[in-house]
$ cat final_38.pdb   # PDB, C-alpha atoms
ATOM      1  CA  MET A 226       0.000   0.000   0.000
ATOM      2  CA  LEU A 227       2.818   2.381   0.884
ATOM      3  CA  ARG A 228       4.531   1.532  -2.393
ATOM      4  CA  PHE A 229       1.380   2.402  -4.312
ATOM      5  CA  LEU A 230       1.072   5.764  -2.541
ATOM      6  CA  ARG A 231       4.733   6.505  -3.270
ATOM      7  CA  VAL A 232       4.275   5.850  -7.021
ATOM      8  CA  LEU A 233       1.104   7.916  -7.111
ATOM      9  CA  LEU A 234       2.775  10.842  -5.336
ATOM     10  CA  THR A 235       5.755  10.677  -7.670
ATOM     11  CA  GLY A 236       3.472  10.827 -10.696
ATOM     12  CA  LEU A 237       1.589  13.823  -9.351
ATOM     13  CA  LEU A 238       4.796  15.686  -8.612
ATOM     14  CA  GLY A 239       6.026  14.968 -12.138
ATOM     15  CA  VAL A 240       2.923  16.408 -13.678
ATOM     16  CA  LEU A 241       3.143  19.549 -11.546
ATOM     17  CA  TRP A 242       6.850  19.939 -12.354
ATOM     18  CA  ASP A 243       6.126  19.497 -16.064
ATOM     19  CA  GLY A 244       3.634  22.349 -15.945
ATOM     20  CA  ALA A 245       5.887  24.830 -14.198
ATOM     21  CA  ALA A 246       8.307  27.003 -16.203
ATOM     22  CA  ALA A 247      10.734  29.606 -14.920
ATOM     23  CA  PHE A 248      10.446  33.094 -16.432
ATOM     24  CA  GLY A 249      12.763  35.523 -14.654
ATOM     25  CA  GLY A 250      12.486  33.595 -11.462
ATOM     26  CA  VAL A 251       8.653  33.526 -11.498
ATOM     27  CA  SER A 252       6.906  30.194 -11.990
ATOM     28  CA  ILE A 253       4.276  30.351 -14.779
ATOM     29  CA  TRP A 254       1.949  27.536 -15.599
ATOM     30  CA  CYS A 255       2.352  26.197 -19.087
ATOM     31  CA  SER A 256       1.703  22.983 -20.944
ATOM     32  CA  ASN A 257       3.863  20.364 -22.571
ATOM     33  CA  ALA A 258       1.982  21.086 -25.780
ATOM     34  CA  HIS A 259       3.229  24.651 -25.816
ATOM     35  CA  CYS A 260       6.767  24.359 -24.540
ATOM     36  CA  THR A 261       9.913  23.030 -26.082
ATOM     37  CA  HIS A 262      11.665  20.291 -24.107
ATOM     38  CA  ASP A 263      15.234  19.521 -23.441
ATOM     39  CA  ASN A 264      14.562  15.783 -23.571
ATOM     40  CA  ASP A 265      11.951  13.326 -24.695
ATOM     41  CA  ALA A 266      10.708  12.580 -21.182
ATOM     42  CA  GLY A 267       9.187  16.036 -21.014
ATOM     43  CA  VAL A 268       9.981  16.523 -17.371
ATOM     44  CA  LYS A 269      11.542  19.943 -17.949
ATOM     45  CA  CYS A 270       9.871  22.975 -19.608
ATOM     46  CA  SER A 271      12.186  25.569 -21.132
ATOM     47  CA  GLY A 272       9.528  28.291 -20.965
ATOM     48  CA  THR A 273       9.484  29.049 -24.714
ATOM     49  CA  LEU A 274       6.073  28.631 -26.319
ATOM     50  CA  LEU A 275       5.937  26.748 -29.564
ATOM     51  CA  THR A 276       5.920  28.895 -32.683
ATOM     52  CA  PRO A 277       2.556  28.963 -34.476
ATOM     53  CA  THR A 278       2.128  28.444 -38.208
ATOM     54  CA  LEU A 279       0.443  31.005 -40.450
ATOM     55  CA  THR A 280      -1.227  29.739 -43.620
ATOM     56  CA  LEU A 281      -2.910  31.712 -46.389
ATOM     57  CA  LEU A 282      -6.371  30.287 -47.045
ATOM     58  CA  SER A 283      -7.072  32.634 -49.969
ATOM     59  CA  PRO A 284      -6.017  31.072 -53.290
ATOM     60  CA  HIS A 285      -3.726  33.969 -54.219
ATOM     61  CA  THR A 286      -1.398  36.554 -52.702
ATOM     62  CA  VAL A 287      -2.436  39.526 -54.849
ATOM     63  CA  PHE A 288      -5.670  41.373 -54.111
ATOM     64  CA  SER A 289      -7.773  44.339 -55.154
ATOM     65  CA  PRO A 290      -8.995  47.010 -52.731
ATOM     66  CA  GLY A 291     -12.194  45.965 -50.989
ATOM     67  CA  GLU A 292     -11.440  42.237 -51.019
ATOM     68  CA  ALA A 293     -10.895  40.025 -47.959
ATOM     69  CA  VAL A 294      -7.762  38.043 -47.092
ATOM     70  CA  ARG A 295      -8.204  34.788 -45.141
ATOM     71  CA  PHE A 296      -5.416  33.411 -42.959
ATOM     72  CA  SER A 297      -5.185  30.392 -40.676
ATOM     73  CA  CYS A 298      -3.087  30.393 -37.516
ATOM     74  CA  SER A 299      -2.432  27.025 -35.892
ATOM     75  CA  VAL A 300      -0.442  25.368 -33.094
ATOM     76  CA  PRO A 301       0.489  21.676 -32.784
ATOM     77  CA  LEU A 302      -1.616  21.094 -29.639
ATOM     78  CA  GLY A 303      -3.990  23.310 -27.762
ATOM     79  CA  HIS A 304      -4.089  23.790 -23.985
ATOM     80  CA  HIS A 305      -5.290  26.813 -22.054
ATOM     81  CA  LEU A 306      -5.427  28.893 -25.241
ATOM     82  CA  SER A 307      -6.859  32.404 -24.903
ATOM     83  CA  ASP A 308      -6.761  34.128 -28.304
ATOM     84  CA  PHE A 309      -4.928  34.494 -31.633
ATOM     85  CA  HIS A 310      -3.646  37.704 -33.217
ATOM     86  CA  LEU A 311      -2.771  38.729 -36.780
ATOM     87  CA  TYR A 312       0.015  41.318 -37.069
ATOM     88  CA  LYS A 313       1.314  43.382 -39.967
ATOM     89  CA  HIS A 314       5.043  43.964 -40.041
ATOM     90  CA  GLY A 315       5.801  47.419 -38.683
ATOM     91  CA  VAL A 316       2.492  47.762 -36.786
ATOM     92  CA  SER A 317       2.585  47.071 -33.046
ATOM     93  CA  THR A 318      -1.140  46.480 -32.539
ATOM     94  CA  PRO A 319      -2.874  43.436 -34.039
ATOM     95  CA  LEU A 320      -5.132  43.988 -37.037
ATOM     96  CA  VAL A 321      -7.290  40.951 -36.246
ATOM     97  CA  THR A 322      -7.942  39.222 -32.902
ATOM     98  CA  GLN A 323      -9.842  35.946 -32.574
ATOM     99  CA  ARG A 324     -10.753  34.317 -29.252
ATOM    100  CA  ALA A 325     -10.218  30.583 -29.016
ATOM    101  CA  ASP A 326     -11.405  27.662 -26.937
ATOM    102  CA  GLN A 327      -8.852  26.297 -24.503
ATOM    103  CA  THR A 328      -8.307  23.182 -26.580
ATOM    104  CA  GLN A 329      -8.604  24.791 -30.003
ATOM    105  CA  THR A 330      -5.495  24.434 -32.163
ATOM    106  CA  ARG A 331      -6.478  26.468 -35.212
ATOM    107  CA  VAL A 332      -8.418  29.649 -35.941
ATOM    108  CA  GLU A 333      -9.236  31.578 -39.087
ATOM    109  CA  LEU A 334      -8.159  35.217 -39.181
ATOM    110  CA  THR A 335      -9.850  37.344 -41.850
ATOM    111  CA  LEU A 336      -8.628  40.752 -42.932
ATOM    112  CA  SER A 337     -11.719  42.371 -44.470
ATOM    113  CA  ASP A 338     -12.143  45.254 -46.904
ATOM    114  CA  ILE A 339      -8.443  45.719 -47.506
ATOM    115  CA  GLU A 340      -6.830  48.848 -48.908
ATOM    116  CA  THR A 341      -3.430  49.631 -50.360
ATOM    117  CA  VAL A 342      -2.112  50.374 -46.854
ATOM    118  CA  HIS A 343      -2.654  46.697 -45.990
ATOM    119  CA  GLN A 344      -0.011  45.564 -48.455
ATOM    120  CA  GLY A 345       2.935  43.985 -46.671
ATOM    121  CA  SER A 346       4.091  41.074 -44.536
ATOM    122  CA  TYR A 347       1.892  39.321 -41.938
ATOM    123  CA  SER A 348       2.448  36.927 -39.032
ATOM    124  CA  CYS A 349       0.358  35.566 -36.189
ATOM    125  CA  SER A 350       0.786  34.720 -32.531
ATOM    126  CA  TYR A 351      -1.314  33.286 -29.725
ATOM    127  CA  ARG A 352      -1.646  33.700 -25.985
ATOM    128  CA  ILE A 353      -2.252  31.138 -23.257
ATOM    129  CA  LYS A 354      -3.549  31.455 -19.743
ATOM    130  CA  SER A 355      -0.886  30.456 -17.244
ATOM    131  CA  GLY A 356       0.246  30.913 -13.666
ATOM    132  CA  PHE A 357      -1.448  31.456 -10.358
ATOM    133  CA  PRO A 358      -3.107  33.961 -10.467
ATOM    134  CA  SER A 359      -3.896  33.579 -14.151
ATOM    135  CA  GLN A 360      -1.626  35.439 -16.573
ATOM    136  CA  LEU A 361      -1.435  35.688 -20.380
ATOM    137  CA  LEU A 362       1.712  34.455 -22.047
ATOM    138  CA  SER A 363       2.364  35.377 -25.706
ATOM    139  CA  SER A 364       3.971  33.050 -28.204
ATOM    140  CA  PRO A 365       6.755  33.982 -30.640
ATOM    141  CA  PRO A 366       5.583  35.286 -34.028
ATOM    142  CA  SER A 367       4.840  32.780 -36.745
ATOM    143  CA  ASN A 368       6.289  32.604 -40.216
ATOM    144  CA  SER A 369       5.597  35.569 -42.503
ATOM    145  CA  ILE A 370       3.314  35.797 -45.535
ATOM    146  CA  ASN A 371       3.423  38.707 -47.973
ATOM    147  CA  ILE A 372       0.352  40.049 -49.748
ATOM    148  CA  THR A 373       0.116  42.641 -52.531
ATOM    149  CA  VAL A 374      -2.766  45.065 -53.014
ATOM    150  CA  VAL A 375      -3.142  46.328 -56.590
ATOM    151  CA  GLU A 376      -5.109  49.515 -57.162
ATOM    152  CA  LEU A 377      -5.333  50.523 -60.817
ATOM    153  CA  LEU A 378      -6.211  54.151 -61.447
ATOM    154  CA  THR A 379      -8.310  55.240 -64.417
ATOM    155  CA  PRO A 380      -5.889  56.231 -67.210
ATOM    156  CA  GLN A 381      -5.935  59.587 -68.969
ATOM    157  CA  HIS A 382      -5.759  60.037 -72.751
ATOM    158  CA  TRP A 383      -5.442  62.781 -75.368
ATOM    159  CA  TYR A 384      -4.719  63.096 -79.082
ATOM    160  CA  ASN A 385      -2.472  65.190 -81.361
ATOM    161  CA  THR A 386      -2.859  66.058 -85.034
ATOM    162  CA  SER A 387      -2.173  68.948 -87.445
ATOM    163  CA  ILE A 388      -3.079  72.465 -86.338
ATOM    164  CA  GLU A 389      -5.273  72.926 -89.431
ATOM    165  CA  ALA A 390      -7.785  70.381 -88.127
ATOM    166  CA  PRO A 391     -10.715  71.742 -86.109
ATOM    167  CA  ALA A 392     -11.048  70.690 -82.477
ATOM    168  CA  GLY A 393     -12.168  67.076 -82.120
ATOM    169  CA  SER A 394     -11.386  66.353 -85.771
ATOM    170  CA  VAL A 395      -8.639  64.909 -87.908
ATOM    171  CA  ILE A 396      -8.205  65.733 -91.591
ATOM    172  CA  LYS A 397      -8.508  62.684 -93.787
ATOM    173  CA  GLY A 398      -5.150  61.387 -94.978
ATOM    174  CA  GLN A 399      -3.180  63.090 -92.235
ATOM    175  CA  SER A 400      -1.619  61.396 -89.214
ATOM    176  CA  PHE A 401      -2.733  61.589 -85.589
ATOM    177  CA  ASN A 402      -1.618  60.111 -82.242
ATOM    178  CA  ILE A 403      -3.520  59.027 -79.146
ATOM    179  CA  THR A 404      -1.568  58.880 -75.859
ATOM    180  CA  CYS A 405      -2.679  56.822 -72.842
ATOM    181  CA  SER A 406      -1.135  57.537 -69.438
ATOM    182  CA  THR A 407      -1.426  56.311 -65.839
ATOM    183  CA  LEU A 408       0.144  57.389 -62.551
ATOM    184  CA  GLN A 409       0.807  53.809 -61.361
ATOM    185  CA  GLN A 410       2.799  51.282 -63.325
ATOM    186  CA  TYR A 411       3.317  47.567 -62.624
ATOM    187  CA  PRO A 412       5.748  45.146 -64.297
ATOM    188  CA  GLY A 413       4.198  43.433 -67.279
ATOM    189  CA  GLY A 414       1.370  45.954 -67.633
ATOM    190  CA  SER A 415      -0.126  47.073 -70.931
ATOM    191  CA  PHE A 416      -2.456  49.725 -72.301
ATOM    192  CA  GLN A 417      -5.474  48.850 -74.389
ATOM    193  CA  LEU A 418      -7.089  51.345 -76.765
ATOM    194  CA  ARG A 419     -10.674  50.609 -77.693
ATOM    195  CA  LEU A 420     -12.459  52.271 -80.612
ATOM    196  CA  ILE A 421     -16.244  52.167 -80.725
ATOM    197  CA  ARG A 422     -17.636  53.027 -84.150
ATOM    198  CA  SER A 423     -20.931  52.602 -85.924
ATOM    199  CA  ASN A 424     -20.052  49.201 -87.392
ATOM    200  CA  GLY A 425     -18.288  47.581 -84.426
ATOM    201  CA  THR A 426     -15.419  47.766 -81.962
ATOM    202  CA  VAL A 427     -11.677  47.708 -82.624
ATOM    203  CA  ARG A 428      -9.043  47.016 -79.927
ATOM    204  CA  GLN A 429      -5.296  47.291 -79.924
ATOM    205  CA  SER A 430      -2.698  46.975 -77.151
ATOM    206  CA  LEU A 431       0.821  48.176 -76.430
ATOM    207  CA  PRO A 432       3.134  47.141 -73.558
ATOM    208  CA  ALA A 433       3.405  49.746 -70.817
ATOM    209  CA  LEU A 434       7.180  50.118 -70.672
ATOM    210  CA  THR A 435       6.667  53.565 -69.154
ATOM    211  CA  GLN A 436       3.737  55.378 -67.582
ATOM    212  CA  SER A 437       2.559  56.552 -71.026
ATOM    213  CA  VAL A 438       2.255  54.954 -74.457
ATOM    214  CA  THR A 439       1.299  56.473 -77.811
ATOM    215  CA  PHE A 440      -0.833  54.824 -80.483
ATOM    216  CA  THR A 441       0.048  56.175 -83.953
ATOM    217  CA  PHE A 442      -2.290  56.394 -86.958
ATOM    218  CA  PRO A 443      -0.251  57.514 -90.004
ATOM    219  CA  ASN A 444      -3.151  57.850 -92.474
ATOM    220  CA  ALA A 445      -6.503  58.873 -91.039
ATOM    221  CA  GLN A 446      -9.512  57.321 -92.745
ATOM    222  CA  THR A 447     -13.230  57.186 -92.022
ATOM    223  CA  SER A 448     -12.641  53.816 -90.319
ATOM    224  CA  ASN A 449     -10.717  55.707 -87.611
ATOM    225  CA  GLU A 450     -13.738  57.799 -86.700
ATOM    226  CA  GLY A 451     -15.521  57.081 -83.419
ATOM    227  CA  TYR A 452     -15.087  57.119 -79.642
ATOM    228  CA  TYR A 453     -11.746  56.083 -78.137
ATOM    229  CA  TYR A 454     -11.265  54.613 -74.621
ATOM    230  CA  CYS A 455      -8.078  53.725 -72.728
ATOM    231  CA  LEU A 456      -7.616  51.121 -69.986
ATOM    232  CA  TYR A 457      -4.657  49.645 -68.126
ATOM    233  CA  ARG A 458      -4.210  45.879 -67.732
ATOM    234  CA  VAL A 459      -1.705  43.857 -65.698
ATOM    235  CA  GLN A 460      -1.283  40.215 -64.622
ATOM    236  CA  LEU A 461       0.133  39.640 -61.131
ATOM    237  CA  GLY A 462       0.175  36.529 -58.979
ATOM    238  CA  GLY A 463      -1.838  34.550 -61.510
ATOM    239  CA  ARG A 464      -4.625  37.148 -61.540
ATOM    240  CA  VAL A 465      -5.552  39.718 -64.194
ATOM    241  CA  PHE A 466      -6.346  43.240 -63.046
ATOM    242  CA  ILE A 467      -8.064  45.751 -65.338
ATOM    243  CA  SER A 468      -8.617  49.416 -64.625
ATOM    244  CA  ARG A 469     -11.731  51.369 -65.392
ATOM    245  CA  GLU A 470     -11.972  52.798 -68.886
ATOM    246  CA  SER A 471     -11.193  56.446 -69.433
ATOM    247  CA  GLN A 472     -13.769  58.977 -70.511
ATOM    248  CA  PRO A 473     -14.680  58.726 -74.235
ATOM    249  CA  LEU A 474     -12.527  60.688 -76.650
ATOM    250  CA  PRO A 475     -14.584  61.503 -79.786
ATOM    251  CA  ILE A 476     -12.647  61.941 -83.031
ATOM    252  CA  ALA A 477     -14.259  62.878 -86.368
ATOM    253  CA  ILE A 478     -12.506  62.395 -89.718
ATOM    254  CA  ARG A 479     -13.067  65.358 -92.053
ATOM    255  CA  ASP A 480     -12.359  65.630 -95.766
ATOM    256  CA  PRO A 481      -9.692  68.169 -96.677
ATOM    257  CA  ASP A 482     -10.935  71.552 -97.893
ATOM    258  CA  PRO A 483     -11.140  71.966-101.736
ATOM    259  CA  LEU A 484      -8.364  73.873-103.523
ATOM    260  CA  LEU A 485     -10.600  76.909-104.213
ATOM    261  CA  SER A 486     -12.700  76.942-101.121
ATOM    262  CA  PRO A 487     -14.932  79.945-100.386
ATOM    263  CA  VAL A 488     -12.365  81.223 -97.977
ATOM    264  CA  VAL A 489      -9.577  80.952-100.539
ATOM    265  CA  ILE A 490     -11.728  82.606-103.216
ATOM    266  CA  SER A 491     -12.542  85.512-100.928
ATOM    267  CA  TRP A 492      -8.854  85.943-100.211
ATOM    268  CA  LEU A 493      -8.056  85.970-103.957
ATOM    269  CA  VAL A 494     -10.806  88.515-104.739
ATOM    270  CA  SER A 495      -9.616  90.775-101.960
ATOM    271  CA  GLY A 496      -6.048  90.549-103.205
ATOM    272  CA  LEU A 497      -6.981  91.296-106.840
ATOM    273  CA  THR A 498      -9.150  94.241-105.816
ATOM    274  CA  PHE A 499      -6.321  95.699-103.832
ATOM    275  CA  LEU A 500      -3.890  95.189-106.738
ATOM    276  CA  VAL A 501      -6.220  96.889-109.282
ATOM    277  CA  ALA A 502      -6.762  99.835-106.946
ATOM    278  CA  VAL A 503      -3.009 100.284-106.569
ATOM    279  CA  ILE A 504      -2.497 100.186-110.346
ATOM    280  CA  ILE A 505      -5.230 102.789-110.921
ATOM    281  CA  ILE A 506      -3.791 105.098-108.289
ATOM    282  CA  ILE A 507      -0.312 104.849-109.806
ATOM    283  CA  THR A 508      -1.622 105.522-113.347
ATOM    284  CA  VAL A 509      -3.601 108.599-112.326
ATOM    285  CA  ALA A 510      -0.616 109.922-110.406
ATOM    286  CA  LYS A 511       1.615 109.586-113.471
ATOM    287  CA  VAL A 512      -0.867 111.333-115.733
ATOM    288  CA  VAL A 513      -1.222 114.250-113.364
ATOM    289  CA  CYS A 514       2.515 114.538-112.994
ATOM    290  CA  ASN A 515       3.122 114.561-116.772
ATOM    291  CA  LYS A 516       0.385 117.148-117.326
ATOM    292  CA  GLU A 517       2.006 119.528-114.906
ATOM    293  CA  LYS A 518       5.326 119.294-116.717
ATOM    294  CA  LYS A 519       3.998 119.702-120.380
ATOM    295  CA  PRO A 520       3.384 123.376-121.549
ATOM    296  CA  SER A 521       0.064 124.319-123.128
ATOM    297  CA  GLU A 522      -0.435 125.210-126.879
ATOM    298  CA  LEU A 523      -0.892 128.947-126.182
ATOM    299  CA  GLU A 524       2.299 128.972-124.157
ATOM    300  CA  ARG A 525       4.148 127.375-127.089
ATOM    301  CA  GLU A 526       2.824 129.900-129.637
ATOM    302  CA  THR A 527       3.622 132.859-127.436
ATOM    303  CA  ARG A 528       7.052 131.552-126.849
ATOM    304  CA  THR A 529       7.589 131.053-130.613
ATOM    305  CA  CYS A 530       6.417 134.534-131.437
ATOM    306  CA  VAL A 531       8.716 136.021-128.910
ATOM    307  CA  GLU A 532      11.605 134.066-130.232
ATOM    308  CA  ASN A 533      10.851 135.089-133.858
ATOM    309  CA  THR A 534      10.198 138.787-133.345
ATOM    310  CA  TYR A 535      10.120 140.832-136.458
ATOM    311  CA  VAL A 536      10.872 144.574-136.351
ATOM    312  CA  ALA A 537       8.846 146.542-138.913
ATOM    313  CA  LEU A 538      10.665 149.583-140.381
ATOM    314  CA  SER A 539       8.748 152.441-141.912
ATOM    315  CA  ILE A 540       9.561 153.370-145.626
ATOM    316  CA  ASN A 541       9.444 157.045-146.650
ATOM    317  CA  LYS A 542       8.247 157.711-150.094
ATOM    318  CA  LEU A 543      10.528 159.761-152.171
TER     319      LEU A 543
END

$ encode --input "final_38.pdb" --output "structure tokens"
Amino acid sequence: MLRFLRVLLTGLLGVLWDGAAAFGGVSIWCSNAHCTHDNDAGVKCSGTLLTPTLTLLSPHTVFSPGEAVRFSCSVPLGHHLSDFHLYKHGVSTPLVTQRADQTQTRVELTLSDIETVHQGSYSCSYRIKSGFPSQLLSSPPSNSINITVVELLTPQHWYNTSIEAPAGSVIKGQSFNITCSTLQQYPGGSFQLRLIRSNGTVRQSLPALTQSVTFTFPNAQTSNEGYYYCLYRVQLGGRVFISRESQPLPIAIRDPDPLLSPVVISWLVSGLTFLVAVIIIITVAKVVCNKEKKPSELERETRTCVENTYVALSINKL
């Protein structure tokens, strides 16, 4: 009987010793399931809680604003668990906290309605109730998982053509350019230009090597007339992200003006009228000038008579 009591007492002391860990000289209750051991017997607790494991439940690591990211935080065995926390690297307070049952080994942590500020690296940790009186002991952080938040802004677009073309128009046969631009650029992105016309839709794409790309049309034809839209497209993490389309850009193709258009004719008439008036003024001026210099007929006769003066001598009759 005494031998039985001795064995029973030894077992109880072993269990109590297994659950006591030294932290700065203070005994804190912990569990074999949450402590690392120096040997297989498990009779000594080092006081370091086991590191949890963070898993991404969402099927991808790249997200759009407004979506939710689902994580799972787990421990090998559960005992006296209090809660789980999801942390973002660089932020001291947890973004998500989930209470747990004492024996629960896994919880789901959901980060809802994410924004671009949520992009970064995440880890989780848990806390257990331990000690007398009860205290909360935090585990080391788990492994890290990075997520990317892609926000595509609506691109801007404009067009350039010859200065002779009226606003919103391109002269047929001439060249014009349409430029699409965005403030945010991602590797592997591209711009798509969509033309909506009366008989259908035409699309063309160019890689976005910079924040802006230019679509060139060397010979404008009626088939280029319609409403143009720009959008930005990029594939990241196995997902395709597409921005909103820009506002419509209407472009009309106009025939070139005829050679003798009304405007040209009016310019020619004005020029000829001015030229004729100048010629008339010069002619009249010459005539008046010559008339002032030429002596009259009476002046010529008088002058001749004076030059040929005859002196009449009287004859006395004998």

$ residues_around --input "final_38.pdb" --residues "stretch 449-452 of chain A" --least-positions-apart "5" --cutoff "9 Å" --atoms "only C-alpha atoms" --output "VMD selection string"
chain A and resid 394 to 395 419 to 423 442 473 to 478

$ resolve_selection --input "final_38.pdb" --expression "the PyMOL selection byres ((chain A and resi 288) around 7)" --output "number ranges by chain"
A: 286-287, 289-290, 292, 373-375

$ axis_aligned_box --input "final_38.pdb" --around "stretch 308-323 of chain A" --padding-each-side "4 Å" --output "lines of an AutoDock Vina configuration file"
center_x = -2.0
center_y = 40.9
center_z = -34.2
size_x = 23.6
size_y = 21.6
size_z = 19.7

$ atom_distance --input "final_38.pdb" --atom1 "atom CA of A:Gln436" --atom2 "atom CA of A:Ala392"
26.0 Å

$ resolve_selection --input "final_38.pdb" --expression "the PyMOL selection byres ((chain A and resi 402) around 8)" --output "number ranges by chain"
A: 384-386, 400-401, 403-404, 439-442

$ residues_around --input "final_38.pdb" --residues "A:Leu408" --least-positions-apart "2" --cutoff "9 Å" --atoms "all atoms listed in the file" --output "list of chain:residue names"
A:Leu377, A:Leu378, A:Thr379, A:Pro380, A:Ser406, A:Gln410, A:Gln436, A:Ser437

$ closest_residue --input "final_38.pdb" --among "A:Tyr351, A:Tyr312, A:Phe296, A:Tyr411" --to "A:Pro277" --atoms "all atoms listed in the file"
A:Tyr351

$ closest_residue --input "final_38.pdb" --among "A:Thr278, A:Gln360, A:Ser355, A:Ser367" --to "A:Lys313" --atoms "all atoms listed in the file"
A:Ser367

$ atom_distance --input "final_38.pdb" --atom1 "atom CA of A:Pro432" --atom2 "atom CA of A:Ile388"
29.0 Å

$ residues_near_point --input "final_38.pdb" --point "(-7.0, 42.7, -62.6)" --cutoff "10 Å" --atoms "all atoms listed in the file" --output "number ranges by chain"
A: 287-289, 375-377, 457-461, 463-468

$ residues_around --input "final_38.pdb" --residues "stretch 429-431 of chain A" --least-positions-apart "5" --cutoff "6 Å" --atoms "only C-alpha atoms" --output "compact mmCIF listing (two decimals) with C-alpha atoms, keeping the file's coordinate frame"
# COMPACT_ATOMS: atom_id res chain seq x y z
CA SER A 415 -0.13 47.07 -70.93
CA PHE A 416 -2.46 49.72 -72.30
CA GLN A 417 -5.47 48.85 -74.39
CA LEU A 418 -7.09 51.34 -76.76

$ residues_around --input "final_38.pdb" --residues "A:Ser337" --least-positions-apart "4" --cutoff "8 Å" --atoms "all atoms listed in the file" --output "list in words"
Gly291, Glu292, Ala293 and Val294 of chain A

$ atom_distance --input "final_38.pdb" --atom1 "atom CA of A:Thr407" --atom2 "atom CA of A:His382"
9.0 Å

$ closest_residue --input "final_38.pdb" --among "A:Ala325, A:Val503, A:Leu279, A:Val332" --to "A:Ser348" --atoms "only C-alpha atoms"
A:Leu279

$ decode --input "final_38.pdb" --residues "stretch 294-305 of chain A" --atoms "N, CA and C atoms" --output "tab-separated table (two decimals), in the first residue's frame"
chain	number	residue	atom	x	y	z
A	294	VAL	N	-8.88	38.99	-47.12
A	294	VAL	CA	-7.76	38.04	-47.09
A	294	VAL	C	-7.96	37.10	-45.91
A	295	ARG	N	-7.95	35.80	-46.17
A	295	ARG	CA	-8.20	34.79	-45.14
A	295	ARG	C	-6.91	34.07	-44.78
A	296	PHE	N	-6.58	34.11	-43.49
A	296	PHE	CA	-5.42	33.41	-42.96
A	296	PHE	C	-5.87	32.34	-41.99
A	297	SER	N	-4.97	31.39	-41.71
A	297	SER	CA	-5.19	30.39	-40.68
A	297	SER	C	-3.95	30.36	-39.78
A	298	CYS	N	-4.18	30.46	-38.48
A	298	CYS	CA	-3.09	30.39	-37.52
A	298	CYS	C	-3.30	29.14	-36.67
A	299	SER	N	-2.28	28.32	-36.57
A	299	SER	CA	-2.43	27.02	-35.89
A	299	SER	C	-1.23	26.73	-35.00
A	300	VAL	N	-1.48	25.87	-33.99
A	300	VAL	CA	-0.44	25.37	-33.09
A	300	VAL	C	-0.54	23.84	-33.08
A	301	PRO	N	0.54	23.15	-32.76
A	301	PRO	CA	0.49	21.68	-32.78
A	301	PRO	C	-0.57	21.10	-31.85
A	302	LEU	N	-0.64	21.57	-30.61
A	302	LEU	CA	-1.62	21.09	-29.64
A	302	LEU	C	-2.15	22.28	-28.86
A	303	GLY	N	-3.39	22.20	-28.48
A	303	GLY	CA	-3.99	23.31	-27.76
A	303	GLY	C	-4.19	23.00	-26.29
A	304	HIS	N	-3.87	23.95	-25.42
A	304	HIS	CA	-4.09	23.79	-23.99
A	304	HIS	C	-4.08	25.17	-23.34
A	305	HIS	N	-5.15	25.52	-22.71
A	305	HIS	CA	-5.29	26.81	-22.05
A	305	HIS	C	-5.13	27.99	-23.02
